[in-house]
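Structure file data16.tsv with TSV, C-alpha atoms:
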```
chain	number	residue	atom	x	y	z
S	17	ARG	CA	-130.38	-169.91	-14.56
S	18	GLU	CA	-129.38	-173.19	-12.92
S	19	TYR	CA	-127.66	-171.48	-10.01
S	20	ARG	CA	-130.62	-169.16	-9.55
S	21	ALA	CA	-132.86	-172.22	-9.33
S	22	LEU	CA	-130.57	-173.70	-6.67
S	23	LEU	CA	-130.55	-170.44	-4.73
S	24	GLU	CA	-134.34	-170.21	-4.87
S	25	TRP	CA	-134.61	-173.86	-3.79
S	26	GLU	CA	-132.22	-173.27	-0.88
S	27	SER	CA	-134.22	-170.24	0.19
S	28	GLU	CA	-137.51	-172.12	0.13
S	29	TYR	CA	-136.25	-175.24	1.92
S	30	SER	CA	-133.52	-173.86	4.17
S	31	HIS	CA	-135.58	-175.03	7.15
S	32	HIS	CA	-134.83	-178.65	6.13
S	33	ARG	CA	-131.15	-178.01	6.72
S	34	LYS	CA	-131.84	-176.28	10.02
S	35	THR	CA	-134.05	-179.17	11.11
S	36	PHE	CA	-131.31	-181.67	10.27
S	37	LEU	CA	-128.66	-179.71	12.15
S	38	GLN	CA	-130.87	-179.30	15.20
S	39	ASN	CA	-132.72	-182.61	15.33
S	40	GLY	CA	-130.79	-185.08	13.19
S	41	TYR	CA	-131.67	-187.25	10.22
S	42	ASP	CA	-134.92	-188.72	11.50
S	43	ASN	CA	-136.95	-185.90	9.96
S	44	PHE	CA	-138.26	-184.88	6.52
S	45	VAL	CA	-135.14	-183.36	4.94
S	46	PRO	CA	-135.01	-184.51	1.27
S	47	ASN	CA	-134.69	-180.95	-0.08
S	48	MET	CA	-131.73	-179.98	2.07
S	49	LEU	CA	-129.06	-177.97	0.23
S	50	PRO	CA	-125.86	-176.18	1.27
S	51	GLU	CA	-126.16	-172.57	2.35
S	52	ASP	CA	-126.48	-169.62	0.00
S	53	ILE	CA	-122.81	-168.69	0.46
S	54	ASP	CA	-121.71	-172.22	-0.46
S	55	LEU	CA	-123.80	-172.18	-3.64
S	56	ARG	CA	-122.18	-168.90	-4.64
S	57	LYS	CA	-118.73	-170.32	-3.93
S	58	ALA	CA	-119.59	-173.24	-6.22
S	59	ALA	CA	-120.61	-170.79	-8.94
S	60	ILE	CA	-117.30	-168.94	-8.54
S	61	VAL	CA	-115.34	-172.19	-8.87
S	62	HIS	CA	-117.40	-173.15	-11.93
S	63	ILE	CA	-116.86	-169.84	-13.72
S	64	THR	CA	-113.19	-169.62	-12.75
S	65	ALA	CA	-112.51	-173.12	-14.06
S	66	LEU	CA	-114.42	-172.43	-17.26
S	67	PHE	CA	-113.08	-168.99	-18.16
S	68	GLY	CA	-110.14	-168.25	-15.85
S	69	GLU	CA	-108.17	-171.42	-16.48
S	70	SER	CA	-109.02	-171.29	-20.19
S	71	ALA	CA	-107.65	-167.75	-20.42
S	72	GLY	CA	-104.48	-168.90	-18.67
S	73	LYS	CA	-103.95	-171.63	-21.26
S	74	LEU	CA	-103.98	-168.92	-23.92
S	75	GLY	CA	-101.45	-166.84	-22.03
S	76	ARG	CA	-104.07	-164.26	-21.01
S	77	SER	CA	-105.15	-162.98	-17.62
S	78	ILE	CA	-108.65	-161.90	-18.69
S	79	TRP	CA	-111.44	-163.73	-20.48
S	80	GLY	CA	-114.20	-161.50	-21.75
S	81	PHE	CA	-117.36	-162.74	-23.42
S	82	LYS	CA	-120.26	-161.28	-25.34
S	83	GLU	CA	-123.90	-162.25	-24.96
S	84	VAL	CA	-126.98	-160.69	-26.53
S	85	ARG	CA	-129.78	-162.05	-24.29
S	86	TYR	CA	-128.38	-161.51	-20.79
S	87	ASP	CA	-129.98	-158.71	-18.80
S	88	ALA	CA	-128.91	-156.88	-15.66
S	89	GLN	CA	-129.85	-159.83	-13.44
S	90	MET	CA	-127.00	-161.84	-14.95
S	91	ALA	CA	-124.63	-158.92	-14.44
S	92	LEU	CA	-125.73	-158.62	-10.81
S	93	PHE	CA	-125.19	-162.34	-10.21
S	94	LEU	CA	-121.71	-162.21	-11.73
S	95	TYR	CA	-120.93	-159.05	-9.77
S	96	ARG	CA	-121.84	-160.78	-6.51
S	97	CYS	CA	-119.53	-163.64	-7.46
S	98	PHE	CA	-116.76	-161.36	-8.75
S	99	PRO	CA	-116.88	-157.87	-7.19
S	100	LYS	CA	-113.92	-156.75	-9.34
S	101	ALA	CA	-115.53	-157.81	-12.62
S	102	ARG	CA	-116.26	-155.12	-15.21
S	103	PHE	CA	-119.38	-154.93	-17.31
S	104	ILE	CA	-119.87	-153.18	-20.64
S	105	TYR	CA	-123.44	-152.68	-21.75
S	106	LEU	CA	-123.78	-151.95	-25.47
S	107	THR	CA	-127.12	-150.82	-26.87
S	108	ARG	CA	-128.43	-149.51	-30.18
S	109	ASN	CA	-131.39	-147.57	-31.52
S	110	ILE	CA	-134.20	-150.10	-31.88
S	111	ILE	CA	-135.22	-148.74	-35.30
S	112	ASP	CA	-131.80	-149.52	-36.76
S	113	CYS	CA	-131.86	-152.93	-35.07
S	114	PHE	CA	-135.26	-153.62	-36.63
S	115	ILE	CA	-134.09	-152.58	-40.10
S	116	SER	CA	-131.09	-154.90	-39.79
S	117	LEU	CA	-133.38	-157.78	-38.87
S	118	LYS	CA	-135.79	-156.90	-41.67
S	119	HIS	CA	-132.92	-157.51	-44.06
S	120	TRP	CA	-132.63	-160.97	-42.50
S	121	GLU	CA	-136.35	-161.50	-43.01
S	122	ASN	CA	-135.93	-160.64	-46.69
S	123	SER	CA	-132.95	-162.97	-47.12
S	124	PRO	CA	-132.89	-166.74	-47.53
S	125	GLY	CA	-132.91	-168.48	-44.21
S	126	SER	CA	-135.13	-169.23	-41.24
S	127	TRP	CA	-135.33	-165.73	-39.75
S	128	ASN	CA	-138.87	-164.37	-39.85
S	129	ARG	CA	-141.06	-161.68	-38.30
S	130	THR	CA	-141.82	-163.84	-35.28
S	131	TRP	CA	-138.12	-163.94	-34.43
S	132	THR	CA	-137.89	-160.18	-34.94
S	133	GLU	CA	-140.76	-159.64	-32.51
S	134	ILE	CA	-139.00	-161.87	-29.98
S	135	PHE	CA	-135.94	-159.65	-30.39
S	136	ILE	CA	-138.04	-156.55	-29.70
S	137	GLU	CA	-139.22	-158.09	-26.43
S	138	ASP	CA	-135.59	-158.88	-25.56
S	139	TRP	CA	-134.57	-155.31	-26.41
S	140	LYS	CA	-137.21	-153.92	-24.05
S	141	ARG	CA	-136.40	-156.34	-21.24
S	142	ILE	CA	-132.63	-155.92	-21.41
S	143	ASN	CA	-132.52	-152.15	-21.85
S	144	ALA	CA	-135.07	-151.59	-19.09
S	145	SER	CA	-133.10	-153.82	-16.72
S	146	PHE	CA	-129.89	-151.81	-17.09
S	147	LEU	CA	-131.47	-148.43	-16.38
S	148	ASN	CA	-131.17	-148.60	-12.59
S	149	VAL	CA	-128.15	-150.76	-11.78
S	150	SER	CA	-125.32	-148.23	-12.06
S	151	ASN	CA	-125.58	-147.50	-8.34
S	152	ILE	CA	-125.36	-151.24	-7.58
S	153	ILE	CA	-122.62	-152.26	-10.01
S	154	PRO	CA	-119.88	-149.60	-9.73
S	155	GLN	CA	-117.86	-150.91	-12.67
S	156	LEU	CA	-120.51	-150.72	-15.38
S	157	MET	CA	-119.86	-148.94	-18.67
S	158	ARG	CA	-122.87	-148.10	-20.84
S	159	VAL	CA	-122.12	-147.60	-24.52
S	160	ARG	CA	-124.34	-146.59	-27.41
S	161	TYR	CA	-123.42	-148.26	-30.68
S	162	GLU	CA	-123.82	-144.98	-32.56
S	163	ASP	CA	-121.35	-143.18	-30.29
S	164	MET	CA	-118.86	-146.03	-30.56
S	165	ILE	CA	-118.67	-146.02	-34.35
S	166	GLU	CA	-118.83	-142.24	-34.64
S	167	ASN	CA	-115.55	-141.81	-32.79
S	168	PRO	CA	-113.71	-145.15	-32.51
S	169	LYS	CA	-110.50	-143.57	-31.27
S	170	GLU	CA	-112.26	-141.93	-28.33
S	171	PHE	CA	-114.16	-145.13	-27.60
S	172	ILE	CA	-110.95	-147.19	-27.52
S	173	LYS	CA	-109.44	-144.63	-25.14
S	174	LYS	CA	-112.41	-144.84	-22.77
S	175	LEU	CA	-112.61	-148.64	-23.03
S	176	SER	CA	-108.92	-149.22	-22.31
S	177	LEU	CA	-109.12	-146.86	-19.33
S	178	PHE	CA	-112.19	-148.69	-18.04
S	179	LEU	CA	-110.51	-152.08	-18.40
S	180	SER	CA	-107.13	-150.87	-17.13
S	181	ILE	CA	-105.37	-152.10	-20.24
S	182	SER	CA	-103.16	-150.43	-22.82
S	183	PRO	CA	-104.97	-148.94	-25.84
S	184	ASP	CA	-102.28	-150.60	-27.94
S	185	SER	CA	-103.66	-154.00	-26.96
S	186	LEU	CA	-106.88	-153.22	-28.86
S	187	ASP	CA	-107.14	-153.37	-32.64
S	188	PRO	CA	-108.67	-150.19	-34.11
S	189	ASN	CA	-108.84	-151.80	-37.56
S	190	VAL	CA	-112.04	-153.62	-36.61
S	191	PHE	CA	-113.87	-150.34	-37.17
S	192	LYS	CA	-112.61	-150.17	-40.76
S	193	ARG	CA	-114.12	-153.53	-41.65
S	194	LYS	CA	-117.58	-152.82	-43.03
S	195	LEU	CA	-120.18	-155.42	-43.90
S	196	HIS	CA	-122.69	-155.09	-46.72
S	197	VAL	CA	-120.49	-152.71	-48.72
S	198	GLU	CA	-117.78	-153.15	-51.32
S	199	SER	CA	-114.55	-153.30	-49.38
S	200	SER	CA	-110.85	-153.96	-49.81
S	201	ASP	CA	-110.92	-157.19	-47.81
S	202	GLY	CA	-113.21	-158.90	-50.30
S	203	ILE	CA	-116.50	-158.62	-48.44
S	204	ILE	CA	-119.04	-157.69	-51.07
S	205	ASP	CA	-122.59	-158.10	-49.90
S	206	LEU	CA	-124.52	-155.14	-51.22
S	207	ARG	CA	-128.11	-155.05	-50.09
S	208	PRO	CA	-130.89	-152.59	-50.79
S	209	VAL	CA	-131.12	-149.63	-48.46
S	210	ILE	CA	-134.05	-149.62	-46.04
S	211	LEU	CA	-134.77	-146.28	-44.38
S	212	PRO	CA	-136.98	-145.65	-41.34
S	213	SER	CA	-139.38	-143.88	-43.69
S	214	ASP	CA	-139.75	-147.15	-45.65
S	215	LEU	CA	-141.32	-148.96	-42.71
S	216	ASN	CA	-145.06	-149.58	-43.00
S	217	SER	CA	-147.67	-148.48	-40.46
S	218	GLU	CA	-147.73	-151.88	-38.74
S	219	GLU	CA	-143.96	-151.86	-38.29
S	220	ARG	CA	-143.97	-148.28	-37.04
S	221	ALA	CA	-146.65	-149.15	-34.49
S	222	LEU	CA	-144.55	-152.11	-33.35
S	223	LEU	CA	-141.59	-149.81	-32.68
S	224	SER	CA	-143.42	-146.87	-31.12
S	225	THR	CA	-145.22	-148.33	-28.13
S	226	SER	CA	-145.09	-146.19	-25.01
S	227	ILE	CA	-142.67	-148.63	-23.35
S	228	ILE	CA	-140.22	-148.46	-26.26
S	229	VAL	CA	-140.51	-144.68	-26.48
S	230	ASP	CA	-139.82	-144.28	-22.75
S	231	ILE	CA	-136.86	-146.68	-22.71
S	232	SER	CA	-135.40	-145.12	-25.87
S	233	LYS	CA	-135.62	-141.67	-24.31
S	234	GLU	CA	-133.61	-142.86	-21.30
S	235	TYR	CA	-130.79	-143.83	-23.67
S	236	GLY	CA	-131.01	-140.61	-25.66
S	237	TYR	CA	-132.92	-142.02	-28.63
S	238	THR	CA	-135.96	-140.53	-30.32
S	239	ILE	CA	-138.40	-142.77	-32.17
S	240	GLU	CA	-138.74	-141.01	-35.52
S	241	PHE	CA	-139.58	-142.31	-38.96
```
The structure given in the file should be rewritten as structure tokens.
Amino acid sequence: REYRALLEWESEYSHHRKTFLQNGYDNFVPNMLPEDIDLRKAAIVHITALFGESAGKLGRSIWGFKEVRYDAQMALFLYRCFPKARFIYLTRNIIDCFISLKHWENSPGSWNRTWTEIFIEDWKRINASFLNVSNIIPQLMRVRYEDMIENPKEFIKKLSLFLSISPDSLDPNVFKRKLHVESSDGIIDLRPVILPSDLNSEERALLSTSIIVDISKEYGYTIEF
């Protein structure tokens, strides 16, 4: 966000820099910034120092990170900075997401319906943004959560191929670790089952707007209760 603000500022006031270079300092040039390419170089140095050097300290050549609110604009910015970067976009059926958050609403804590509605807006914004960037970002892998957990072995194979790493470097046991069920590793957090059919009319209306239906269809989902 901060670099985007700088880039927008540079674009709006680039004439201040041109005026200075052509006519000197005795002009109105308080908003002068370096050129677009220099701002992007600064972003590259920033990100490399933050993630690249930190990965090196851990004996790794790659630092990957997960974020739940970034949309395609962030991916595009990073791609312009790092043309060889790889992007994995993971999505999930919004009904299952909503049910998961409804459990949070019913549990002790600060999560409430307002936060859930904010999530729905994020879901729409982010999923819509990634629909038309595959032709811009060549190394973009779109993954549906349901497909990933249905066949973890196949997913690991595709992921390792996409990242050009050995499948053996990934831990398949993460798929065996289940939350909210009785399990061998001591995680016991049983919670009542909520089915799509349990959602009330207001909740169904919230999840079946034309925008959500259209975006869901693009990802192969059908809004059904």
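Coordinates place atom CA of Leu147 of chain S at a distance of 19.0 Å from atom CA of Ser224 of chain S.
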Residue neighbourhood segment 130-142 of chain S, 7 Å, only C-alpha atoms, exclusion window fewer than 4 positions, as an mmCIF file with C-alpha atoms, in the frame of the given file:
```
data_model
loop_
_atom_site.group_PDB
_atom_site.id
_atom_site.type_symbol
_atom_site.label_atom_id
_atom_site.label_comp_id
_atom_site.auth_asym_id
_atom_site.auth_seq_id
_atom_site.Cartn_x
_atom_site.Cartn_y
_atom_site.Cartn_z
ATOM 1 C CA ARG S 85 -129.780 -162.050 -24.290
ATOM 2 C CA ASP S 87 -129.980 -158.710 -18.800
ATOM 3 C CA ALA S 88 -128.910 -156.880 -15.660
ATOM 4 C CA LEU S 117 -133.380 -157.780 -38.870
ATOM 5 C CA PHE S 146 -129.890 -151.810 -17.090
ATOM 6 C CA ILE S 228 -140.220 -148.460 -26.260
#
```
Option closest in space to Leu94 of chain S, from S:Asn189, S:Ser27, S:Thr64, S:Ser150 [counting all atoms listed in the file]: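 Smallest separation from Leu94 of chain S among the options: S:Thr64.
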For atom CA of Asn122 of chain S and atom CA of His196 of chain S, the interatomic separation in Å (one decimal):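 It comes out at 14.4 Å.
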So that I can see what lies close to segment 229-241 of chain S, please list as a JSON list (two decimals) with C-alpha atoms, in the coordinates of the input the residues with an atom at most 12 Å from it, counting only C-alpha atoms and leaving out residues fewer than 4 positions away in the same chain.
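Listed below is the output, selection_4.json:
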```json
[["chain", "number", "residue", "atom", "x", "y", "z"],
["S", 105, "TYR", "CA", -123.44, -152.68, -21.75],
["S", 106, "LEU", "CA", -123.78, -151.95, -25.47],
["S", 107, "THR", "CA", -127.12, -150.82, -26.87],
["S", 108, "ARG", "CA", -128.43, -149.51, -30.18],
["S", 109, "ASN", "CA", -131.39, -147.57, -31.52],
["S", 110, "ILE", "CA", -134.20, -150.10, -31.88],
["S", 111, "ILE", "CA", -135.22, -148.74, -35.30],
["S", 112, "ASP", "CA", -131.80, -149.52, -36.76],
["S", 115, "ILE", "CA", -134.09, -152.58, -40.10],
["S", 139, "TRP", "CA", -134.57, -155.31, -26.41],
["S", 140, "LYS", "CA", -137.21, -153.92, -24.05],
["S", 141, "ARG", "CA", -136.40, -156.34, -21.24],
["S", 142, "ILE", "CA", -132.63, -155.92, -21.41],
["S", 143, "ASN", "CA", -132.52, -152.15, -21.85],
["S", 144, "ALA", "CA", -135.07, -151.59, -19.09],
["S", 145, "SER", "CA", -133.10, -153.82, -16.72],
["S", 146, "PHE", "CA", -129.89, -151.81, -17.09],
["S", 147, "LEU", "CA", -131.47, -148.43, -16.38],
["S", 148, "ASN", "CA", -131.17, -148.60, -12.59],
["S", 158, "ARG", "CA", -122.87, -148.10, -20.84],
["S", 159, "VAL", "CA", -122.12, -147.60, -24.52],
["S", 160, "ARG", "CA", -124.34, -146.59, -27.41],
["S", 161, "TYR", "CA", -123.42, -148.26, -30.68],
["S", 162, "GLU", "CA", -123.82, -144.98, -32.56],
["S", 163, "ASP", "CA", -121.35, -143.18, -30.29],
["S", 210, "ILE", "CA", -134.05, -149.62, -46.04],
["S", 211, "LEU", "CA", -134.77, -146.28, -44.38],
["S", 212, "PRO", "CA", -136.98, -145.65, -41.34],
["S", 213, "SER", "CA", -139.38, -143.88, -43.69],
["S", 214, "ASP", "CA", -139.75, -147.15, -45.65],
["S", 215, "LEU", "CA", -141.32, -148.96, -42.71],
["S", 216, "ASN", "CA", -145.06, -149.58, -43.00],
["S", 217, "SER", "CA", -147.67, -148.48, -40.46],
["S", 219, "GLU", "CA", -143.96, -151.86, -38.29],
["S", 220, "ARG", "CA", -143.97, -148.28, -37.04],
["S", 221, "ALA", "CA", -146.65, -149.15, -34.49],
["S", 222, "LEU", "CA", -144.55, -152.11, -33.35],
["S", 223, "LEU", "CA", -141.59, -149.81, -32.68],
["S", 224, "SER", "CA", -143.42, -146.87, -31.12],
["S", 225, "THR", "CA", -145.22, -148.33, -28.13]]
```
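Computed from the coordinates, the atom CA of Pro124 of chain S to atom CA of Lys194 of chain S distance equals 21.2 Å.
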Which residue out of S:Phe103, S:Tyr19, S:Tyr41, S:Tyr29 has the minimum interatomic distance to His62 of chain S when all atoms listed in the file are used? S:Tyr19
Take segment 212-223 of chain S, model all heavy atoms, and hand the result over as a PDB file, in the frame of the given file.
```pdb
ATOM      1  N   PRO S 212    -135.852-145.669 -42.277  1.00  0.00           N
ATOM      2  CA  PRO S 212    -136.980-145.650 -41.340  1.00  0.00           C
ATOM      3  C   PRO S 212    -138.287-145.239 -42.019  1.00  0.00           C
ATOM      4  O   PRO S 212    -139.355-145.746 -41.681  1.00  0.00           O
ATOM      5  CB  PRO S 212    -136.545-144.623 -40.293  1.00  0.00           C
ATOM      6  CG  PRO S 212    -135.054-144.704 -40.300  1.00  0.00           C
ATOM      7  CD  PRO S 212    -134.678-144.938 -41.733  1.00  0.00           C
ATOM      8  N   SER S 213    -138.187-144.339 -42.985  1.00  0.00           N
ATOM      9  CA  SER S 213    -139.380-143.880 -43.690  1.00  0.00           C
ATOM     10  C   SER S 213    -139.995-144.969 -44.568  1.00  0.00           C
ATOM     11  O   SER S 213    -141.141-144.847 -45.009  1.00  0.00           O
ATOM     12  CB  SER S 213    -139.049-142.658 -44.545  1.00  0.00           C
ATOM     13  OG  SER S 213    -138.005-142.951 -45.463  1.00  0.00           O
ATOM     14  N   ASP S 214    -139.240-146.047 -44.830  1.00  0.00           N
ATOM     15  CA  ASP S 214    -139.750-147.150 -45.650  1.00  0.00           C
ATOM     16  C   ASP S 214    -140.605-148.127 -44.853  1.00  0.00           C
ATOM     17  O   ASP S 214    -141.283-148.973 -45.444  1.00  0.00           O
ATOM     18  CB  ASP S 214    -138.576-147.926 -46.283  1.00  0.00           C
ATOM     19  CG  ASP S 214    -137.765-147.074 -47.247  1.00  0.00           C
ATOM     20  OD1 ASP S 214    -138.373-146.237 -47.934  1.00  0.00           O
ATOM     21  OD2 ASP S 214    -136.531-147.255 -47.314  1.00  0.00           O
ATOM     22  N   LEU S 215    -140.572-148.026 -43.547  1.00  0.00           N
ATOM     23  CA  LEU S 215    -141.320-148.960 -42.710  1.00  0.00           C
ATOM     24  C   LEU S 215    -142.817-148.683 -42.820  1.00  0.00           C
ATOM     25  O   LEU S 215    -143.255-147.529 -42.869  1.00  0.00           O
ATOM     26  CB  LEU S 215    -140.876-148.862 -41.251  1.00  0.00           C
ATOM     27  CG  LEU S 215    -139.383-149.106 -40.982  1.00  0.00           C
ATOM     28  CD1 LEU S 215    -139.091-149.034 -39.488  1.00  0.00           C
ATOM     29  CD2 LEU S 215    -138.926-150.442 -41.555  1.00  0.00           C
ATOM     30  N   ASN S 216    -143.615-149.756 -42.866  1.00  0.00           N
ATOM     31  CA  ASN S 216    -145.060-149.580 -43.000  1.00  0.00           C
ATOM     32  C   ASN S 216    -145.697-149.226 -41.654  1.00  0.00           C
ATOM     33  O   ASN S 216    -145.035-149.222 -40.612  1.00  0.00           O
ATOM     34  CB  ASN S 216    -145.707-150.815 -43.619  1.00  0.00           C
ATOM     35  CG  ASN S 216    -145.492-152.067 -42.780  1.00  0.00           C
ATOM     36  OD1 ASN S 216    -145.586-152.033 -41.557  1.00  0.00           O
ATOM     37  ND2 ASN S 216    -145.202-153.192 -43.449  1.00  0.00           N
ATOM     38  N   SER S 217    -146.974-148.945 -41.675  1.00  0.00           N
ATOM     39  CA  SER S 217    -147.670-148.480 -40.460  1.00  0.00           C
ATOM     40  C   SER S 217    -147.652-149.540 -39.358  1.00  0.00           C
ATOM     41  O   SER S 217    -147.517-149.216 -38.173  1.00  0.00           O
ATOM     42  CB  SER S 217    -149.114-148.110 -40.801  1.00  0.00           C
ATOM     43  OG  SER S 217    -149.802-149.216 -41.371  1.00  0.00           O
ATOM     44  N   GLU S 218    -147.757-150.806 -39.734  1.00  0.00           N
ATOM     45  CA  GLU S 218    -147.730-151.880 -38.740  1.00  0.00           C
ATOM     46  C   GLU S 218    -146.369-151.951 -38.063  1.00  0.00           C
ATOM     47  O   GLU S 218    -146.276-152.122 -36.840  1.00  0.00           O
ATOM     48  CB  GLU S 218    -148.058-153.210 -39.410  1.00  0.00           C
ATOM     49  CG  GLU S 218    -148.063-154.397 -38.456  1.00  0.00           C
ATOM     50  CD  GLU S 218    -148.348-155.713 -39.166  1.00  0.00           C
ATOM     51  OE1 GLU S 218    -148.909-155.674 -40.280  1.00  0.00           O
ATOM     52  OE2 GLU S 218    -148.008-156.757 -38.604  1.00  0.00           O
ATOM     53  N   GLU S 219    -145.315-151.810 -38.845  1.00  0.00           N
ATOM     54  CA  GLU S 219    -143.960-151.860 -38.290  1.00  0.00           C
ATOM     55  C   GLU S 219    -143.676-150.639 -37.417  1.00  0.00           C
ATOM     56  O   GLU S 219    -143.048-150.749 -36.364  1.00  0.00           O
ATOM     57  CB  GLU S 219    -142.953-151.957 -39.435  1.00  0.00           C
ATOM     58  CG  GLU S 219    -143.043-153.284 -40.174  1.00  0.00           C
ATOM     59  CD  GLU S 219    -142.263-153.303 -41.480  1.00  0.00           C
ATOM     60  OE1 GLU S 219    -142.020-152.211 -42.046  1.00  0.00           O
ATOM     61  OE2 GLU S 219    -141.896-154.403 -41.942  1.00  0.00           O
ATOM     62  N   ARG S 220    -144.167-149.491 -37.839  1.00  0.00           N
ATOM     63  CA  ARG S 220    -143.970-148.280 -37.040  1.00  0.00           C
ATOM     64  C   ARG S 220    -144.689-148.409 -35.697  1.00  0.00           C
ATOM     65  O   ARG S 220    -144.164-147.998 -34.657  1.00  0.00           O
ATOM     66  CB  ARG S 220    -144.482-147.060 -37.798  1.00  0.00           C
ATOM     67  CG  ARG S 220    -143.686-146.749 -39.067  1.00  0.00           C
ATOM     68  CD  ARG S 220    -144.154-145.468 -39.717  1.00  0.00           C
ATOM     69  NE  ARG S 220    -143.465-145.234 -40.991  1.00  0.00           N
ATOM     70  CZ  ARG S 220    -143.472-144.084 -41.641  1.00  0.00           C
ATOM     71  NH1 ARG S 220    -144.123-143.042 -41.140  1.00  0.00           N
ATOM     72  NH2 ARG S 220    -142.831-143.953 -42.783  1.00  0.00           N
ATOM     73  N   ALA S 221    -145.887-148.962 -35.736  1.00  0.00           N
ATOM     74  CA  ALA S 221    -146.650-149.150 -34.490  1.00  0.00           C
ATOM     75  C   ALA S 221    -145.920-150.107 -33.556  1.00  0.00           C
ATOM     76  O   ALA S 221    -145.912-149.919 -32.330  1.00  0.00           O
ATOM     77  CB  ALA S 221    -148.042-149.677 -34.812  1.00  0.00           C
ATOM     78  N   LEU S 222    -145.280-151.120 -34.139  1.00  0.00           N
ATOM     79  CA  LEU S 222    -144.550-152.110 -33.350  1.00  0.00           C
ATOM     80  C   LEU S 222    -143.375-151.480 -32.612  1.00  0.00           C
ATOM     81  O   LEU S 222    -143.024-151.893 -31.509  1.00  0.00           O
ATOM     82  CB  LEU S 222    -144.053-153.220 -34.293  1.00  0.00           C
ATOM     83  CG  LEU S 222    -143.462-154.490 -33.678  1.00  0.00           C
ATOM     84  CD1 LEU S 222    -144.525-155.236 -32.881  1.00  0.00           C
ATOM     85  CD2 LEU S 222    -142.907-155.386 -34.796  1.00  0.00           C
ATOM     86  N   LEU S 223    -142.802-150.433 -33.221  1.00  0.00           N
ATOM     87  CA  LEU S 223    -141.590-149.810 -32.680  1.00  0.00           C
ATOM     88  C   LEU S 223    -141.879-148.528 -31.902  1.00  0.00           C
ATOM     89  O   LEU S 223    -140.929-147.890 -31.423  1.00  0.00           O
ATOM     90  CB  LEU S 223    -140.622-149.499 -33.824  1.00  0.00           C
ATOM     91  CG  LEU S 223    -140.094-150.692 -34.608  1.00  0.00           C
ATOM     92  CD1 LEU S 223    -139.302-150.231 -35.823  1.00  0.00           C
ATOM     93  CD2 LEU S 223    -139.244-151.588 -33.722  1.00  0.00           C
TER      94      LEU S 223
END
```
